[in-house]
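Colleague: See coords_31.csv below, with CSV, C-alpha atoms.
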chain,number,residue,atom,x,y,z
S,1,MET,CA,-75.5,-102.6,-21.4
S,2,LYS,CA,-75.4,-103.7,-25.1
S,3,VAL,CA,-76.0,-100.2,-26.2
S,4,LYS,CA,-73.0,-98.9,-24.3
S,5,PHE,CA,-70.9,-101.7,-25.6
S,6,VAL,CA,-71.9,-100.9,-29.2
S,7,ALA,CA,-71.3,-97.2,-28.7
S,8,LEU,CA,-67.8,-97.9,-27.3
S,9,LEU,CA,-67.1,-100.2,-30.2
S,10,VAL,CA,-68.1,-97.6,-32.7
S,11,GLY,CA,-66.1,-95.0,-30.9
S,12,ALA,CA,-63.0,-97.2,-30.9
S,13,PHE,CA,-63.4,-98.0,-34.6
S,14,VAL,CA,-63.7,-94.3,-35.5
S,15,PHE,CA,-60.6,-93.5,-33.4
S,16,LEU,CA,-58.5,-96.4,-34.7
S,17,PHE,CA,-59.5,-96.2,-38.3
S,18,PRO,CA,-57.1,-93.4,-39.3
S,19,PHE,CA,-54.2,-95.3,-37.8
S,20,TYR,CA,-55.3,-98.4,-39.6
S,21,TYR,CA,-55.6,-96.5,-42.9
S,22,MET,CA,-52.2,-94.9,-42.4
S,23,LEU,CA,-50.6,-98.3,-41.9
S,24,ILE,CA,-52.4,-99.9,-44.8
S,25,GLY,CA,-51.6,-97.0,-47.1
S,26,SER,CA,-47.9,-97.2,-46.2
S,27,LEU,CA,-47.8,-100.8,-47.3
S,28,GLN,CA,-49.6,-100.4,-50.7
S,29,SER,CA,-47.4,-100.6,-53.8
S,30,GLU,CA,-50.1,-98.8,-55.8
S,31,PRO,CA,-52.1,-95.9,-54.1
S,32,ASP,CA,-55.8,-96.4,-53.9
S,33,PRO,CA,-57.6,-93.3,-52.3
S,34,SER,CA,-61.0,-94.9,-52.6
S,35,VAL,CA,-62.9,-96.6,-49.8
S,36,ALA,CA,-61.8,-100.0,-51.2
S,37,GLY,CA,-58.2,-98.9,-50.6
S,38,ALA,CA,-58.7,-99.6,-46.9
S,39,PHE,CA,-59.0,-103.3,-47.7
S,40,PRO,CA,-56.4,-104.0,-50.3
S,41,SER,CA,-55.5,-107.4,-51.8
S,42,PRO,CA,-52.4,-109.1,-50.2
S,43,GLY,CA,-50.6,-108.8,-53.5
S,44,ASN,CA,-50.7,-105.0,-53.3
S,45,LEU,CA,-48.9,-105.0,-49.9
S,46,THR,CA,-45.1,-104.4,-49.7
S,47,LEU,CA,-42.4,-102.6,-47.7
S,48,HIS,CA,-41.1,-100.8,-50.7
S,49,ASN,CA,-42.5,-97.4,-49.5
S,50,TYR,CA,-40.4,-97.6,-46.3
S,51,GLY,CA,-37.3,-98.2,-48.5
S,52,GLU,CA,-38.2,-95.2,-50.6
S,53,ILE,CA,-38.7,-92.8,-47.8
S,54,ASN,CA,-35.5,-94.0,-46.1
S,55,LYS,CA,-33.5,-93.3,-49.3
S,56,ALA,CA,-35.1,-89.9,-49.6
S,57,ILE,CA,-34.7,-88.5,-46.1
S,58,HIS,CA,-32.5,-91.0,-44.2
S,59,LEU,CA,-35.0,-92.2,-41.6
S,60,GLY,CA,-32.3,-93.4,-39.2
S,61,ARG,CA,-30.6,-90.0,-39.0
S,62,SER,CA,-33.9,-88.2,-38.8
S,63,LEU,CA,-35.0,-90.5,-35.9
S,64,ILE,CA,-31.7,-89.8,-34.1
S,65,ASN,CA,-32.3,-86.1,-34.5
S,66,SER,CA,-35.8,-86.4,-33.1
S,67,GLY,CA,-34.5,-88.5,-30.2
S,68,ILE,CA,-31.8,-86.0,-29.3
S,69,PHE,CA,-34.3,-83.1,-29.5
S,70,THR,CA,-36.9,-84.9,-27.5
S,71,GLY,CA,-34.4,-86.3,-25.0
S,72,GLY,CA,-32.9,-82.8,-24.4
S,73,VAL,CA,-36.3,-81.3,-23.8
S,74,ILE,CA,-37.3,-84.1,-21.4
S,75,LEU,CA,-34.1,-83.7,-19.4
S,76,GLY,CA,-34.5,-80.0,-19.1
S,77,THR,CA,-38.2,-80.4,-18.2
S,78,LEU,CA,-37.4,-82.8,-15.4
S,79,VAL,CA,-34.4,-80.9,-14.0
S,80,PHE,CA,-35.8,-77.4,-14.1
S,81,GLY,CA,-39.4,-78.6,-13.4
S,82,VAL,CA,-38.4,-80.4,-10.3
S,83,LEU,CA,-36.3,-77.4,-9.0
S,84,ALA,CA,-39.0,-74.9,-9.8
S,85,GLY,CA,-41.8,-77.1,-8.5
S,86,TYR,CA,-40.0,-77.7,-5.2
S,87,ALA,CA,-39.2,-74.0,-4.8
S,88,LEU,CA,-42.9,-73.0,-5.4
S,89,ALA,CA,-44.2,-75.7,-3.1
S,90,ARG,CA,-41.7,-75.8,-0.1
S,91,LEU,CA,-39.6,-72.6,0.0
S,92,GLN,CA,-40.9,-69.4,1.5
S,93,PHE,CA,-39.8,-66.3,-0.4
S,94,ARG,CA,-41.3,-63.0,-1.3
S,95,GLY,CA,-43.3,-63.0,-4.5
S,96,ARG,CA,-43.9,-66.8,-4.5
S,97,ALA,CA,-47.6,-66.4,-5.3
S,98,LEU,CA,-46.9,-63.9,-8.0
S,99,VAL,CA,-44.3,-66.2,-9.7
S,100,PHE,CA,-46.8,-69.1,-9.6
S,101,ASN,CA,-49.6,-66.9,-11.1
S,102,LEU,CA,-47.3,-65.7,-13.8
S,103,MET,CA,-46.3,-69.3,-14.6
S,104,LEU,CA,-50.0,-70.1,-15.0
S,105,LEU,CA,-50.5,-67.1,-17.2
S,106,ILE,CA,-47.7,-68.3,-19.5
S,107,GLN,CA,-49.7,-71.4,-20.3
S,108,VAL,CA,-52.4,-69.4,-22.1
S,109,VAL,CA,-49.8,-67.7,-24.4
S,110,PRO,CA,-49.6,-69.5,-27.7
S,111,PHE,CA,-46.0,-70.5,-28.6
S,112,GLN,CA,-46.5,-69.0,-32.1
S,113,LEU,CA,-46.7,-65.5,-30.6
S,114,LEU,CA,-43.2,-66.0,-29.2
S,115,THR,CA,-41.7,-67.5,-32.4
S,116,ILE,CA,-40.3,-64.3,-33.9
S,117,PRO,CA,-38.6,-62.9,-30.8
S,118,LEU,CA,-37.2,-66.3,-29.9
S,119,TYR,CA,-35.8,-66.7,-33.4
S,120,VAL,CA,-34.1,-63.3,-33.2
S,121,LEU,CA,-32.8,-64.0,-29.8
S,122,ILE,CA,-31.5,-67.5,-30.4
S,123,VAL,CA,-30.3,-67.1,-34.0
S,124,ARG,CA,-29.0,-63.6,-34.2
S,125,SER,CA,-28.0,-63.0,-30.5
S,126,TYR,CA,-26.8,-66.4,-29.5
S,127,GLY,CA,-25.8,-67.8,-32.9
S,128,LEU,CA,-27.4,-71.1,-32.3
S,129,ALA,CA,-28.9,-71.8,-35.7
S,130,ASP,CA,-28.5,-75.3,-37.1
S,131,SER,CA,-27.7,-76.7,-33.6
S,132,TYR,CA,-29.4,-79.1,-31.2
S,133,LEU,CA,-29.1,-76.6,-28.4
S,134,GLY,CA,-30.9,-74.0,-30.5
S,135,MET,CA,-33.8,-76.4,-31.0
S,136,ILE,CA,-33.9,-77.5,-27.4
S,137,LEU,CA,-33.4,-74.1,-25.6
S,138,PRO,CA,-37.0,-72.7,-25.9
S,139,PHE,CA,-38.5,-75.9,-24.5
S,140,LEU,CA,-36.2,-76.5,-21.5
S,141,ILE,CA,-38.8,-75.2,-19.0
S,142,ASN,CA,-42.3,-76.6,-19.2
S,143,SER,CA,-44.8,-74.7,-17.1
S,144,THR,CA,-47.2,-77.6,-17.1
S,145,ALA,CA,-44.6,-79.9,-15.7
S,146,VAL,CA,-43.7,-77.3,-13.0
S,147,PHE,CA,-47.3,-77.2,-12.0
S,148,VAL,CA,-47.5,-81.0,-11.8
S,149,PHE,CA,-44.3,-81.3,-9.7
S,150,ARG,CA,-45.5,-78.5,-7.4
S,151,GLN,CA,-48.8,-80.3,-6.8
S,152,TYR,CA,-47.0,-83.5,-5.9
S,153,PHE,CA,-44.5,-81.7,-3.5
S,154,LEU,CA,-47.4,-80.0,-1.8
S,155,GLN,CA,-48.8,-83.5,-0.8
S,156,LEU,CA,-45.7,-84.5,1.1
S,157,PRO,CA,-45.8,-84.1,4.9
S,158,ALA,CA,-44.1,-80.9,6.1
S,159,GLU,CA,-42.6,-82.9,9.0
S,160,LEU,CA,-40.3,-84.7,6.6
S,161,PHE,CA,-38.7,-81.5,5.4
S,162,ASP,CA,-38.6,-80.0,8.9
S,163,ALA,CA,-36.8,-83.1,10.3
S,164,ALA,CA,-34.3,-83.0,7.5
S,165,ARG,CA,-33.5,-79.3,8.1
S,166,ILE,CA,-33.1,-79.9,11.8
S,167,ASP,CA,-30.5,-82.6,10.9
S,168,GLY,CA,-28.6,-80.0,8.9
S,169,ALA,CA,-29.5,-81.1,5.4
S,170,SER,CA,-29.3,-78.4,2.7
S,171,GLU,CA,-32.3,-77.7,0.5
S,172,LEU,CA,-30.7,-79.5,-2.5
S,173,SER,CA,-30.0,-82.5,-0.3
S,174,ILE,CA,-33.6,-82.6,1.0
S,175,LEU,CA,-34.8,-82.4,-2.6
S,176,TRP,CA,-32.6,-85.2,-3.9
S,177,ARG,CA,-32.8,-87.6,-0.9
S,178,VAL,CA,-36.3,-86.9,0.5
S,179,ALA,CA,-38.6,-85.3,-2.0
S,180,VAL,CA,-37.6,-86.8,-5.4
S,181,PRO,CA,-37.8,-90.5,-4.3
S,182,LEU,CA,-41.4,-89.8,-3.0
S,183,VAL,CA,-42.6,-88.3,-6.3
S,184,ARG,CA,-41.4,-90.8,-8.8
S,185,PRO,CA,-44.9,-91.1,-10.3
S,186,ALA,CA,-44.7,-87.3,-11.1
S,187,LEU,CA,-41.4,-87.9,-12.9
S,188,LEU,CA,-43.1,-90.5,-15.1
S,189,THR,CA,-46.0,-88.1,-15.7
S,190,GLY,CA,-43.6,-85.4,-16.7
S,191,VAL,CA,-41.8,-87.6,-19.2
S,192,LEU,CA,-45.1,-88.8,-20.7
S,193,LEU,CA,-46.6,-85.3,-20.9
S,194,THR,CA,-43.4,-83.9,-22.4
S,195,PHE,CA,-42.6,-86.6,-25.0
S,196,ILE,CA,-45.4,-86.0,-27.4
S,197,GLY,CA,-44.7,-82.2,-27.9
S,198,PRO,CA,-41.1,-82.2,-29.0
S,199,TRP,CA,-41.4,-85.5,-30.8
S,200,ASN,CA,-44.1,-84.1,-33.1
S,201,GLU,CA,-42.8,-80.5,-33.1
S,202,PHE,CA,-42.5,-79.0,-36.6
S,203,LEU,CA,-42.5,-75.2,-36.5
S,204,TRP,CA,-39.5,-74.4,-34.4
S,205,PRO,CA,-37.1,-77.0,-35.7
S,206,PHE,CA,-38.1,-76.0,-39.3
S,207,LEU,CA,-37.2,-72.4,-38.6
S,208,ILE,CA,-34.0,-73.1,-36.7
S,209,THR,CA,-32.4,-75.8,-38.9
S,210,LYS,CA,-31.5,-75.6,-42.5
S,211,GLN,CA,-29.1,-78.5,-42.7
S,212,GLN,CA,-30.8,-81.7,-43.5
S,213,ASP,CA,-28.6,-83.9,-41.3
S,214,LEU,CA,-29.9,-81.9,-38.2
S,215,GLN,CA,-33.6,-81.9,-38.9
S,216,PRO,CA,-36.0,-84.1,-36.9
S,217,LEU,CA,-38.3,-86.5,-38.7
S,218,ALA,CA,-41.3,-84.2,-38.7
S,219,VAL,CA,-39.3,-81.6,-40.6
S,220,SER,CA,-37.7,-84.1,-42.9
S,221,LEU,CA,-41.2,-85.4,-43.9
S,222,SER,CA,-42.4,-81.9,-44.7
S,223,ASN,CA,-39.3,-81.2,-46.8
S,224,TYR,CA,-39.9,-84.5,-48.6
S,225,LEU,CA,-43.5,-83.4,-49.4
S,226,THR,CA,-42.4,-80.1,-50.9
S,227,THR,CA,-39.3,-81.2,-52.8
S,228,VAL,CA,-39.0,-84.9,-53.5
S,229,SER,CA,-42.5,-86.4,-53.5
S,230,ALA,CA,-43.4,-85.1,-56.9
S,231,ARG,CA,-40.7,-87.3,-58.5
S,232,ALA,CA,-41.6,-90.4,-56.4
S,233,ALA,CA,-43.4,-93.4,-57.9
S,234,ASN,CA,-45.8,-93.6,-54.9
S,235,PRO,CA,-45.4,-90.4,-52.8
S,236,PHE,CA,-48.7,-91.1,-51.0
S,237,GLY,CA,-47.4,-94.4,-49.7
S,238,ALA,CA,-43.9,-93.0,-48.9
S,239,VAL,CA,-45.4,-90.2,-46.8
S,240,LEU,CA,-47.6,-92.6,-44.9
S,241,ALA,CA,-44.6,-94.8,-44.3
S,242,GLY,CA,-42.8,-91.9,-42.7
S,243,ALA,CA,-45.8,-91.0,-40.7
S,244,CYS,CA,-46.0,-94.6,-39.3
S,245,VAL,CA,-42.3,-94.4,-38.3
S,246,LEU,CA,-43.0,-91.0,-36.6
S,247,ALA,CA,-46.0,-92.3,-34.8
S,248,ALA,CA,-44.6,-95.6,-33.7
S,249,PRO,CA,-42.5,-94.5,-30.7
S,250,ALA,CA,-45.4,-92.3,-29.3
S,251,VAL,CA,-47.9,-95.1,-29.7
S,252,THR,CA,-45.6,-97.7,-28.2
S,253,LEU,CA,-44.9,-95.4,-25.2
S,254,PHE,CA,-48.5,-94.9,-24.5
S,255,ILE,CA,-49.4,-98.6,-24.8
S,256,ILE,CA,-46.6,-99.6,-22.4
S,257,PHE,CA,-47.5,-96.9,-19.8
S,258,GLN,CA,-51.2,-96.6,-20.5
S,259,ARG,CA,-52.4,-97.5,-17.0
S,260,ARG,CA,-49.8,-95.4,-15.2
S,261,PHE,CA,-50.3,-92.5,-17.6
S,262,ILE,CA,-54.0,-92.3,-17.0
S,263,SER,CA,-53.8,-92.8,-13.2
S,264,THR,CA,-51.0,-90.2,-12.7
S,265,ASN,CA,-52.7,-87.8,-15.0
S,266,LEU,CA,-56.0,-87.9,-13.1
S,267,SER,CA,-54.3,-87.8,-9.7
S,268,SER,CA,-52.2,-84.7,-10.7
S,269,GLY,CA,-55.3,-83.0,-11.8
S,270,VAL,CA,-57.2,-83.3,-8.5
S,271,LYS,CA,-54.5,-82.8,-6.0
S,272,GLY,CA,-53.7,-79.5,-4.2
Go ahead and render the structure in this file as structure tokens.
Modeller:
Amino acid sequence: MKVKFVALLVGAFVFLFPFYYMLIGSLQSEPDPSVAGAFPSPGNLTLHNYGEINKAIHLGRSLINSGIFTGGVILGTLVFGVLAGYALARLQFRGRALVFNLMLLIQVVPFQLLTIPLYVLIVRSYGLADSYLGMILPFLINSTAVFVFRQYFLQLPAELFDAARIDGASELSILWRVAVPLVRPALLTGVLLTFIGPWNEFLWPFLITKQQDLQPLAVSLSNYLTTVSARAANPFGAVLAGACVLAAPAVTLFIIFQRRFISTNLSSGVKG
């Protein structure tokens, strides 16, 4: 028992140390890349780096951009994911199995392979460069979320849907009034699974946005590294301060919903 406890303790330390070092590094007035830098003196701790990164990239505006981008992706994931998951689980139509298999196949295609055609389509054909819609559009439908919603809808008794149809309810009414209230855990799972991706997404927003006031925080931090950091007094601390701000919402969300996140994740993986 003691061996297991020690092993878990060591594992927790190894996992948490990078976060600790990131936080400590963001508070140091003078950078110290040595091992001793992980345990600085109190006199070397300050919030000056947060002020520096805020002046350089406008943290508030970058966070708003990240929030709009992430919120739009989550909204699209829930709306289209619920509709597609319900159709694949409860509607009978020709080619349903083929559509589901193609959806699973899409999950193994790296997004990087689709970057160039997506860029040509959205920027040149649709003219959506430097816009929130241009950032959000490629991520509106999440095949993983569709799969999760489908698995939850399959677990609901067929009698509920048959009774609603006999009463004359339309499919959209059945979905909204019968199915969705019964799969609320799946909605939370969809939000949690979707949040991390767009919040930390760098490649697509970097390609689609050139205006600084539209760029999410991940892109703004990268631009800071390549353009401004060389002139900063402590670029190491400023970058770590920005990384702490970027990581804070995701860490907070996970801590708040940790138990629900783990339980719904496990249940969605074994159902069906």
Colleague: So which residues are close to (-30.2, -86.4, -42.3), meaning at most 12 Å away in the file's coordinates with only C-alpha atoms counted, and can you show them as a compact mmCIF listing (two decimals) with C-alpha atoms, keeping the file's coordinate frame?
Modeller:
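Here's the written file out-v6.txt:
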# COMPACT_ATOMS: atom_id res chain seq x y z
CA ILE S 53 -38.70 -92.80 -47.80
CA ASN S 54 -35.50 -94.00 -46.10
CA LYS S 55 -33.50 -93.30 -49.30
CA ALA S 56 -35.10 -89.90 -49.60
CA ILE S 57 -34.70 -88.50 -46.10
CA HIS S 58 -32.50 -91.00 -44.20
CA LEU S 59 -35.00 -92.20 -41.60
CA GLY S 60 -32.30 -93.40 -39.20
CA ARG S 61 -30.60 -90.00 -39.00
CA SER S 62 -33.90 -88.20 -38.80
CA LEU S 63 -35.00 -90.50 -35.90
CA ILE S 64 -31.70 -89.80 -34.10
CA ASN S 65 -32.30 -86.10 -34.50
CA SER S 66 -35.80 -86.40 -33.10
CA THR S 209 -32.40 -75.80 -38.90
CA LYS S 210 -31.50 -75.60 -42.50
CA GLN S 211 -29.10 -78.50 -42.70
CA GLN S 212 -30.80 -81.70 -43.50
CA ASP S 213 -28.60 -83.90 -41.30
CA LEU S 214 -29.90 -81.90 -38.20
CA GLN S 215 -33.60 -81.90 -38.90
CA PRO S 216 -36.00 -84.10 -36.90
CA LEU S 217 -38.30 -86.50 -38.70
CA ALA S 218 -41.30 -84.20 -38.70
CA VAL S 219 -39.30 -81.60 -40.60
CA SER S 220 -37.70 -84.10 -42.90
CA LEU S 221 -41.20 -85.40 -43.90
CA ASN S 223 -39.30 -81.20 -46.80
CA TYR S 224 -39.90 -84.50 -48.60
Colleague: Which residue out of S:Trp199, S:Phe161, S:Phe13, S:Tyr21 has the minimum interatomic distance to Val73 in chain S when all atoms listed in the file are used?
Modeller: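 Closest to Val73 in chain S, using all atoms listed in the file: S:Trp199.
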Colleague: For Phe147 in chain S, list every protein, DNA or RNA residue within 12 Å, evaluated using only C-alpha atoms, and leave out those in the same chain fewer than 5 positions away; present the list as an mmCIF file with C-alpha atoms, keeping the file's coordinate frame.
Modeller:
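This is the output file out22.cif:
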data_model
loop_
_atom_site.group_PDB
_atom_site.id
_atom_site.type_symbol
_atom_site.label_atom_id
_atom_site.label_comp_id
_atom_site.auth_asym_id
_atom_site.auth_seq_id
_atom_site.Cartn_x
_atom_site.Cartn_y
_atom_site.Cartn_z
ATOM 1 C CA THR S 77 -38.200 -80.400 -18.200
ATOM 2 C CA LEU S 78 -37.400 -82.800 -15.400
ATOM 3 C CA PHE S 80 -35.800 -77.400 -14.100
ATOM 4 C CA GLY S 81 -39.400 -78.600 -13.400
ATOM 5 C CA VAL S 82 -38.400 -80.400 -10.300
ATOM 6 C CA LEU S 83 -36.300 -77.400 -9.000
ATOM 7 C CA ALA S 84 -39.000 -74.900 -9.800
ATOM 8 C CA GLY S 85 -41.800 -77.100 -8.500
ATOM 9 C CA TYR S 86 -40.000 -77.700 -5.200
ATOM 10 C CA ALA S 87 -39.200 -74.000 -4.800
ATOM 11 C CA LEU S 88 -42.900 -73.000 -5.400
ATOM 12 C CA ALA S 89 -44.200 -75.700 -3.100
ATOM 13 C CA VAL S 99 -44.300 -66.200 -9.700
ATOM 14 C CA PHE S 100 -46.800 -69.100 -9.600
ATOM 15 C CA ASN S 101 -49.600 -66.900 -11.100
ATOM 16 C CA LEU S 102 -47.300 -65.700 -13.800
ATOM 17 C CA MET S 103 -46.300 -69.300 -14.600
ATOM 18 C CA LEU S 104 -50.000 -70.100 -15.000
ATOM 19 C CA LEU S 105 -50.500 -67.100 -17.200
ATOM 20 C CA ILE S 106 -47.700 -68.300 -19.500
ATOM 21 C CA GLN S 107 -49.700 -71.400 -20.300
ATOM 22 C CA ILE S 141 -38.800 -75.200 -19.000
ATOM 23 C CA ASN S 142 -42.300 -76.600 -19.200
ATOM 24 C CA TYR S 152 -47.000 -83.500 -5.900
ATOM 25 C CA PHE S 153 -44.500 -81.700 -3.500
ATOM 26 C CA LEU S 154 -47.400 -80.000 -1.800
ATOM 27 C CA ALA S 186 -44.700 -87.300 -11.100
ATOM 28 C CA THR S 189 -46.000 -88.100 -15.700
ATOM 29 C CA GLY S 190 -43.600 -85.400 -16.700
ATOM 30 C CA SER S 268 -52.200 -84.700 -10.700
ATOM 31 C CA GLY S 269 -55.300 -83.000 -11.800
ATOM 32 C CA LYS S 271 -54.500 -82.800 -6.000
ATOM 33 C CA GLY S 272 -53.700 -79.500 -4.200
#
Colleague: What's around Leu23 in chain S at 8 Å? Count all atoms listed in the file, leave out sequence neighbours fewer than 3 positions away in its own chain, and write the answer as a list in words.
Modeller: Phe19, Tyr20, Ser26, Leu27, Leu240, Ala241 and Cys244 of chain S
Colleague: Just to confirm, what's the straight-line distance from CA of Ala97 in chain S to CA of Asp167 in chain S in Å (one decimal)?
Modeller: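 Atom-to-atom, CA of Ala97 in chain S and CA of Asp167 in chain S are spaced 28.6 Å apart.
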Colleague: For a cutoff of 12 Å around the file-coordinate point (-30.5, -87.5, 2.3), which residues qualify once you count all atoms listed in the file? I'd like the result as a PDB file with C-alpha atoms, keeping the file's coordinate frame.
Modeller:
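The resulting file, point31.pdb, is shown below:
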ATOM      1  CA  LEU S 160     -40.300 -84.700   6.600  1.00  0.00           C
ATOM      2  CA  PHE S 161     -38.700 -81.500   5.400  1.00  0.00           C
ATOM      3  CA  ALA S 163     -36.800 -83.100  10.300  1.00  0.00           C
ATOM      4  CA  ALA S 164     -34.300 -83.000   7.500  1.00  0.00           C
ATOM      5  CA  ARG S 165     -33.500 -79.300   8.100  1.00  0.00           C
ATOM      6  CA  ASP S 167     -30.500 -82.600  10.900  1.00  0.00           C
ATOM      7  CA  GLY S 168     -28.600 -80.000   8.900  1.00  0.00           C
ATOM      8  CA  ALA S 169     -29.500 -81.100   5.400  1.00  0.00           C
ATOM      9  CA  SER S 170     -29.300 -78.400   2.700  1.00  0.00           C
ATOM     10  CA  GLU S 171     -32.300 -77.700   0.500  1.00  0.00           C
ATOM     11  CA  LEU S 172     -30.700 -79.500  -2.500  1.00  0.00           C
ATOM     12  CA  SER S 173     -30.000 -82.500  -0.300  1.00  0.00           C
ATOM     13  CA  ILE S 174     -33.600 -82.600   1.000  1.00  0.00           C
ATOM     14  CA  LEU S 175     -34.800 -82.400  -2.600  1.00  0.00           C
ATOM     15  CA  TRP S 176     -32.600 -85.200  -3.900  1.00  0.00           C
ATOM     16  CA  ARG S 177     -32.800 -87.600  -0.900  1.00  0.00           C
ATOM     17  CA  VAL S 178     -36.300 -86.900   0.500  1.00  0.00           C
ATOM     18  CA  ALA S 179     -38.600 -85.300  -2.000  1.00  0.00           C
ATOM     19  CA  VAL S 180     -37.600 -86.800  -5.400  1.00  0.00           C
ATOM     20  CA  PRO S 181     -37.800 -90.500  -4.300  1.00  0.00           C
TER      21      PRO S 181
END
Colleague: Could you check which of S:Arg90, S:Arg124, S:Arg184, S:Arg96 is closest to Pro157 in chain S, using all atoms listed in the file?
Modeller: S:Arg90
Colleague: So, with only C-alpha atoms as the atoms that count, which of S:Ser222, S:Ser29, S:Thr227, S:Thr144 lies closest to Gly242 in chain S?
Modeller: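 Of S:Ser222, S:Ser29, S:Thr227, S:Thr144, the one nearest Gly242 in chain S is S:Ser222, counting only C-alpha atoms.
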Colleague: With N, CA, C and O atoms as the goal, would you fill in the gaps in range 187-199 of chain S and present it as a short mmCIF file (atom, residue, chain, number, x, y, z; two decimals), in the coordinates of the input?
Modeller:
data_model
loop_
_atom_site.label_atom_id
_atom_site.label_comp_id
_atom_site.auth_asym_id
_atom_site.auth_seq_id
_atom_site.Cartn_x
_atom_site.Cartn_y
_atom_site.Cartn_z
N LEU S 187 -42.45 -87.89 -11.91
CA LEU S 187 -41.40 -87.90 -12.90
C LEU S 187 -41.84 -88.61 -14.17
O LEU S 187 -41.60 -88.15 -15.29
N LEU S 188 -42.53 -89.75 -13.99
CA LEU S 188 -43.10 -90.50 -15.10
C LEU S 188 -44.11 -89.66 -15.86
O LEU S 188 -44.15 -89.62 -17.09
N THR S 189 -44.97 -89.00 -15.09
CA THR S 189 -46.00 -88.10 -15.70
C THR S 189 -45.32 -87.03 -16.50
O THR S 189 -45.75 -86.72 -17.62
N GLY S 190 -44.26 -86.44 -15.95
CA GLY S 190 -43.60 -85.40 -16.70
C GLY S 190 -42.96 -85.88 -17.97
O GLY S 190 -43.01 -85.18 -19.00
N VAL S 191 -42.39 -87.09 -17.96
CA VAL S 191 -41.80 -87.60 -19.20
C VAL S 191 -42.91 -87.88 -20.23
O VAL S 191 -42.77 -87.53 -21.41
N LEU S 192 -44.03 -88.48 -19.80
CA LEU S 192 -45.10 -88.80 -20.70
C LEU S 192 -45.75 -87.54 -21.31
O LEU S 192 -46.07 -87.48 -22.50
N LEU S 193 -45.96 -86.54 -20.46
CA LEU S 193 -46.60 -85.30 -20.90
C LEU S 193 -45.65 -84.53 -21.86
O LEU S 193 -46.10 -83.83 -22.76
N THR S 194 -44.35 -84.65 -21.64
CA THR S 194 -43.40 -83.90 -22.40
C THR S 194 -43.04 -84.53 -23.73
O THR S 194 -42.78 -83.84 -24.72
N PHE S 195 -43.06 -85.84 -23.79
CA PHE S 195 -42.60 -86.60 -25.00
C PHE S 195 -43.28 -86.18 -26.24
O PHE S 195 -42.63 -85.93 -27.28
N ILE S 196 -44.60 -86.15 -26.22
CA ILE S 196 -45.40 -86.00 -27.40
C ILE S 196 -45.08 -84.63 -28.10
O ILE S 196 -44.96 -84.55 -29.33
N GLY S 197 -44.93 -83.56 -27.29
CA GLY S 197 -44.70 -82.20 -27.90
C GLY S 197 -43.50 -82.12 -28.73
O GLY S 197 -43.61 -81.87 -29.94
N PRO S 198 -42.30 -82.30 -28.18
CA PRO S 198 -41.10 -82.20 -29.00
C PRO S 198 -40.96 -83.26 -30.08
O PRO S 198 -40.38 -83.00 -31.13
N TRP S 199 -41.49 -84.44 -29.82
CA TRP S 199 -41.40 -85.50 -30.80
C TRP S 199 -42.12 -85.14 -32.10
O TRP S 199 -41.66 -85.43 -33.20
#
